[in-house]
Amino acid sequence: MKEFDGKVALVTGTTGIGLATARRLASGGAAIIACGIDRAANAAMKAELEGSGAEALVVGADVSVPDQVRDALAAGVERFGGLDIIVNSAAVHPYGTATSTDFETW
């Protein structure tokens with residue numbers, strides 16, 4: 001059993017830190033919901049993760065557009081049955097917690 005078996009992770013950003021994080025979570029057994037604005041990077045991530053045997057849903061979405069993120073998350077939850085882990089690695093984000101950061105900053 002791997003440390004993330006049965007877990008579902010949302011990762012924003014499909015290059016750089018987002019890609020590395022998705023790789024790590026997937027290698028630990030997590031199903032990945034990923035979203036990014038770079039179509040080529042999205043396709044490459046999907047191919048890599050699925051090629052390694054991971055379950056992955058990679059969606060074209062701009063994290064600055066709430067409806068796009070909501071729709072990506074809803075598709076992932078429908079496919080994988082829930083959400084356990086969130087990694088926000090798209091763009092640049094100031095320090096704060098998930099509960100103390102206001103909507104405009106997100």
# chains A, B, ... in the order shown; residues from 1 in each chain; ligands from 1
call {"tool": "closest_atom_pairs", "arguments": {"of": "region 1-42 of chain A", "to": "region 60-76 of chain A", "cutoff": "9 Å", "atoms": "only C-alpha atoms", "output": "JSON lines"}}
result
{"residue": "A:Val8", "atom": "CA", "partner": "A:Gly76", "partner_atom": "CA", "distance": 8.5}
{"residue": "A:Leu10", "atom": "CA", "partner": "A:Leu73", "partner_atom": "CA", "distance": 7.4}
{"residue": "A:Thr12", "atom": "CA", "partner": "A:Val63", "partner_atom": "CA", "distance": 7.3}
{"residue": "A:Gly13", "atom": "CA", "partner": "A:Val63", "partner_atom": "CA", "distance": 8.6}
{"residue": "A:Ile32", "atom": "CA", "partner": "A:Gly76", "partner_atom": "CA", "distance": 8.2}
{"residue": "A:Ile33", "atom": "CA", "partner": "A:Gly76", "partner_atom": "CA", "distance": 5.7}
{"residue": "A:Ala34", "atom": "CA", "partner": "A:Ala72", "partner_atom": "CA", "distance": 8.1}
{"residue": "A:Cys35", "atom": "CA", "partner": "A:Ala61", "partner_atom": "CA", "distance": 5.3}
{"residue": "A:Gly36", "atom": "CA", "partner": "A:Ala61", "partner_atom": "CA", "distance": 5.2}
{"residue": "A:Ile37", "atom": "CA", "partner": "A:Asp62", "partner_atom": "CA", "distance": 5.5}
{"residue": "A:Asp38", "atom": "CA", "partner": "A:Gly60", "partner_atom": "CA", "distance": 7.4}
{"residue": "A:Arg39", "atom": "CA", "partner": "A:Gly60", "partner_atom": "CA", "distance": 6.6}
{"residue": "A:Asn42", "atom": "CA", "partner": "A:Gly60", "partner_atom": "CA", "distance": 7.0}
call {"tool": "residues_around", "arguments": {"residues": "Asp5 (chain A)", "least_positions_apart": "6", "cutoff": "8 Å", "atoms": "only C-alpha atoms", "output": "PyMOL selection string"}}
result
chain A and resi 28-30
call {"tool": "write_last_selection", "arguments": {"atoms": "N, CA, C and O atoms", "output": "short mmCIF file (atom, residue, chain, number, x, y, z; two decimals), in the first residue's frame"}}
result
data_model
loop_
_atom_site.label_atom_id
_atom_site.label_comp_id
_atom_site.auth_asym_id
_atom_site.auth_seq_id
_atom_site.Cartn_x
_atom_site.Cartn_y
_atom_site.Cartn_z
N GLY A 28 2.59 8.04 -5.37
CA GLY A 28 2.16 7.58 -4.05
C GLY A 28 0.77 6.98 -4.06
O GLY A 28 0.25 6.61 -3.02
N GLY A 29 0.13 6.92 -5.24
CA GLY A 29 -1.16 6.26 -5.36
C GLY A 29 -2.37 7.16 -5.50
O GLY A 29 -3.49 6.67 -5.63
N ALA A 30 -2.19 8.47 -5.46
CA ALA A 30 -3.34 9.38 -5.55
C ALA A 30 -3.86 9.48 -6.98
O ALA A 30 -3.09 9.41 -7.95
#
call {"tool": "closest_residue", "arguments": {"among": "A:Leu19, A:Val11, A:Ala31, A:Leu49", "to": "Asn88 (chain A)", "atoms": "only C-alpha atoms"}}
result
A:Val11
call {"tool": "closest_residue", "arguments": {"among": "A:Glu3, A:Met45, A:Leu83, A:Thr105", "to": "Thr15 (chain A)", "atoms": "only C-alpha atoms"}}
result
A:Met45
call {"tool": "select_by_dssp", "arguments": {"residues": "region 53-97 of chain A", "states": "strand (DSSP E)", "output": "ChimeraX atom specification"}}
result
/A:56-60,85-88
call {"tool": "select_by_dssp", "arguments": {"residues": "region 3-102 of chain A", "states": "helix (DSSP H, G or I)", "output": "number ranges by chain"}}
result
A: 16-27, 39-51, 66-80
call {"tool": "write_last_selection", "arguments": {"atoms": "N, CA and C atoms", "output": "tab-separated table (two decimals), in the first residue's frame"}}
result
chain	number	residue	atom	x	y	z
A	16	GLY	N	6.19	22.94	-14.05
A	16	GLY	CA	6.98	23.29	-12.88
A	16	GLY	C	6.58	22.56	-11.62
A	17	ILE	N	6.29	23.33	-10.57
A	17	ILE	CA	5.94	22.76	-9.27
A	17	ILE	C	4.66	21.93	-9.35
A	18	GLY	N	3.68	22.40	-10.12
A	18	GLY	CA	2.44	21.63	-10.26
A	18	GLY	C	2.69	20.26	-10.86
A	19	LEU	N	3.49	20.21	-11.91
A	19	LEU	CA	3.80	18.93	-12.55
A	19	LEU	C	4.57	18.02	-11.60
A	20	ALA	N	5.57	18.57	-10.94
A	20	ALA	CA	6.36	17.76	-10.00
A	20	ALA	C	5.50	17.24	-8.85
A	21	THR	N	4.60	18.06	-8.37
A	21	THR	CA	3.71	17.65	-7.27
A	21	THR	C	2.76	16.56	-7.73
A	22	ALA	N	2.18	16.74	-8.92
A	22	ALA	CA	1.27	15.72	-9.45
A	22	ALA	C	1.99	14.39	-9.64
A	23	ARG	N	3.23	14.45	-10.14
A	23	ARG	CA	4.02	13.22	-10.29
A	23	ARG	C	4.19	12.52	-8.95
A	24	ARG	N	4.56	13.28	-7.94
A	24	ARG	CA	4.83	12.70	-6.63
A	24	ARG	C	3.57	12.11	-6.01
A	25	LEU	N	2.47	12.86	-6.06
A	25	LEU	CA	1.23	12.34	-5.50
A	25	LEU	C	0.77	11.10	-6.25
A	26	ALA	N	0.87	11.12	-7.57
A	26	ALA	CA	0.47	9.96	-8.37
A	26	ALA	C	1.35	8.75	-8.06
A	27	SER	N	2.65	8.97	-7.90
A	27	SER	CA	3.53	7.84	-7.59
A	27	SER	C	3.22	7.25	-6.22
A	39	ARG	N	-2.26	24.38	-22.89
A	39	ARG	CA	-2.83	23.17	-23.49
A	39	ARG	C	-1.78	22.09	-23.72
A	40	ALA	N	-0.62	22.49	-24.21
A	40	ALA	CA	0.43	21.51	-24.48
A	40	ALA	C	0.91	20.86	-23.18
A	41	ALA	N	1.09	21.68	-22.14
A	41	ALA	CA	1.52	21.15	-20.84
A	41	ALA	C	0.44	20.25	-20.25
A	42	ASN	N	-0.82	20.62	-20.41
A	42	ASN	CA	-1.92	19.79	-19.92
A	42	ASN	C	-1.88	18.41	-20.58
A	43	ALA	N	-1.73	18.40	-21.91
A	43	ALA	CA	-1.70	17.14	-22.65
A	43	ALA	C	-0.48	16.30	-22.25
A	44	ALA	N	0.66	16.96	-22.06
A	44	ALA	CA	1.87	16.24	-21.67
A	44	ALA	C	1.72	15.63	-20.28
A	45	MET	N	1.14	16.39	-19.34
A	45	MET	CA	0.93	15.86	-17.99
A	45	MET	C	0.00	14.66	-18.03
A	46	LYS	N	-1.10	14.79	-18.73
A	46	LYS	CA	-2.07	13.70	-18.83
A	46	LYS	C	-1.40	12.45	-19.39
A	47	ALA	N	-0.66	12.60	-20.48
A	47	ALA	CA	0.00	11.45	-21.10
A	47	ALA	C	1.02	10.82	-20.15
A	48	GLU	N	1.80	11.64	-19.48
A	48	GLU	CA	2.80	11.12	-18.55
A	48	GLU	C	2.17	10.38	-17.38
A	49	LEU	N	1.17	10.99	-16.76
A	49	LEU	CA	0.55	10.36	-15.59
A	49	LEU	C	-0.15	9.07	-15.97
A	50	GLU	N	-0.92	9.10	-17.04
A	50	GLU	CA	-1.63	7.90	-17.46
A	50	GLU	C	-0.65	6.84	-17.94
A	51	GLY	N	0.45	7.26	-18.57
A	51	GLY	CA	1.47	6.32	-19.02
A	51	GLY	C	2.15	5.61	-17.87
A	66	PRO	N	-13.25	31.63	-11.30
A	66	PRO	CA	-13.86	30.69	-10.35
A	66	PRO	C	-14.73	29.61	-10.99
A	67	ASP	N	-15.52	29.96	-12.00
A	67	ASP	CA	-16.39	28.97	-12.63
A	67	ASP	C	-15.59	27.85	-13.29
A	68	GLN	N	-14.44	28.18	-13.86
A	68	GLN	CA	-13.62	27.15	-14.49
A	68	GLN	C	-13.04	26.20	-13.46
A	69	VAL	N	-12.61	26.73	-12.34
A	69	VAL	CA	-12.08	25.88	-11.26
A	69	VAL	C	-13.19	25.02	-10.68
A	70	ARG	N	-14.34	25.61	-10.45
A	70	ARG	CA	-15.49	24.87	-9.91
A	70	ARG	C	-15.85	23.71	-10.83
A	71	ASP	N	-15.89	23.97	-12.14
A	71	ASP	CA	-16.26	22.93	-13.10
A	71	ASP	C	-15.21	21.82	-13.16
A	72	ALA	N	-13.93	22.19	-13.11
A	72	ALA	CA	-12.86	21.20	-13.12
A	72	ALA	C	-12.95	20.32	-11.88
A	73	LEU	N	-13.15	20.94	-10.74
A	73	LEU	CA	-13.26	20.20	-9.48
A	73	LEU	C	-14.49	19.28	-9.50
A	74	ALA	N	-15.61	19.80	-9.97
A	74	ALA	CA	-16.84	18.99	-10.03
A	74	ALA	C	-16.64	17.78	-10.93
A	75	ALA	N	-15.98	17.95	-12.06
A	75	ALA	CA	-15.72	16.82	-12.96
A	75	ALA	C	-14.83	15.78	-12.28
A	76	GLY	N	-13.83	16.26	-11.54
A	76	GLY	CA	-12.94	15.34	-10.84
A	76	GLY	C	-13.63	14.59	-9.72
A	77	VAL	N	-14.43	15.29	-8.95
A	77	VAL	CA	-15.16	14.66	-7.85
A	77	VAL	C	-16.15	13.64	-8.40
A	78	GLU	N	-16.80	13.98	-9.51
A	78	GLU	CA	-17.72	13.03	-10.13
A	78	GLU	C	-16.97	11.77	-10.59
A	79	ARG	N	-15.81	11.96	-11.17
A	79	ARG	CA	-15.03	10.83	-11.69
A	79	ARG	C	-14.40	9.98	-10.59
A	80	PHE	N	-13.83	10.65	-9.57
A	80	PHE	CA	-13.06	9.93	-8.56
A	80	PHE	C	-13.76	9.78	-7.21
call {"tool": "atom_distance", "arguments": {"atom1": "CA of Gly81 (chain A)", "atom2": "CA of Phe103 (chain A)"}}
result
25.7 Å
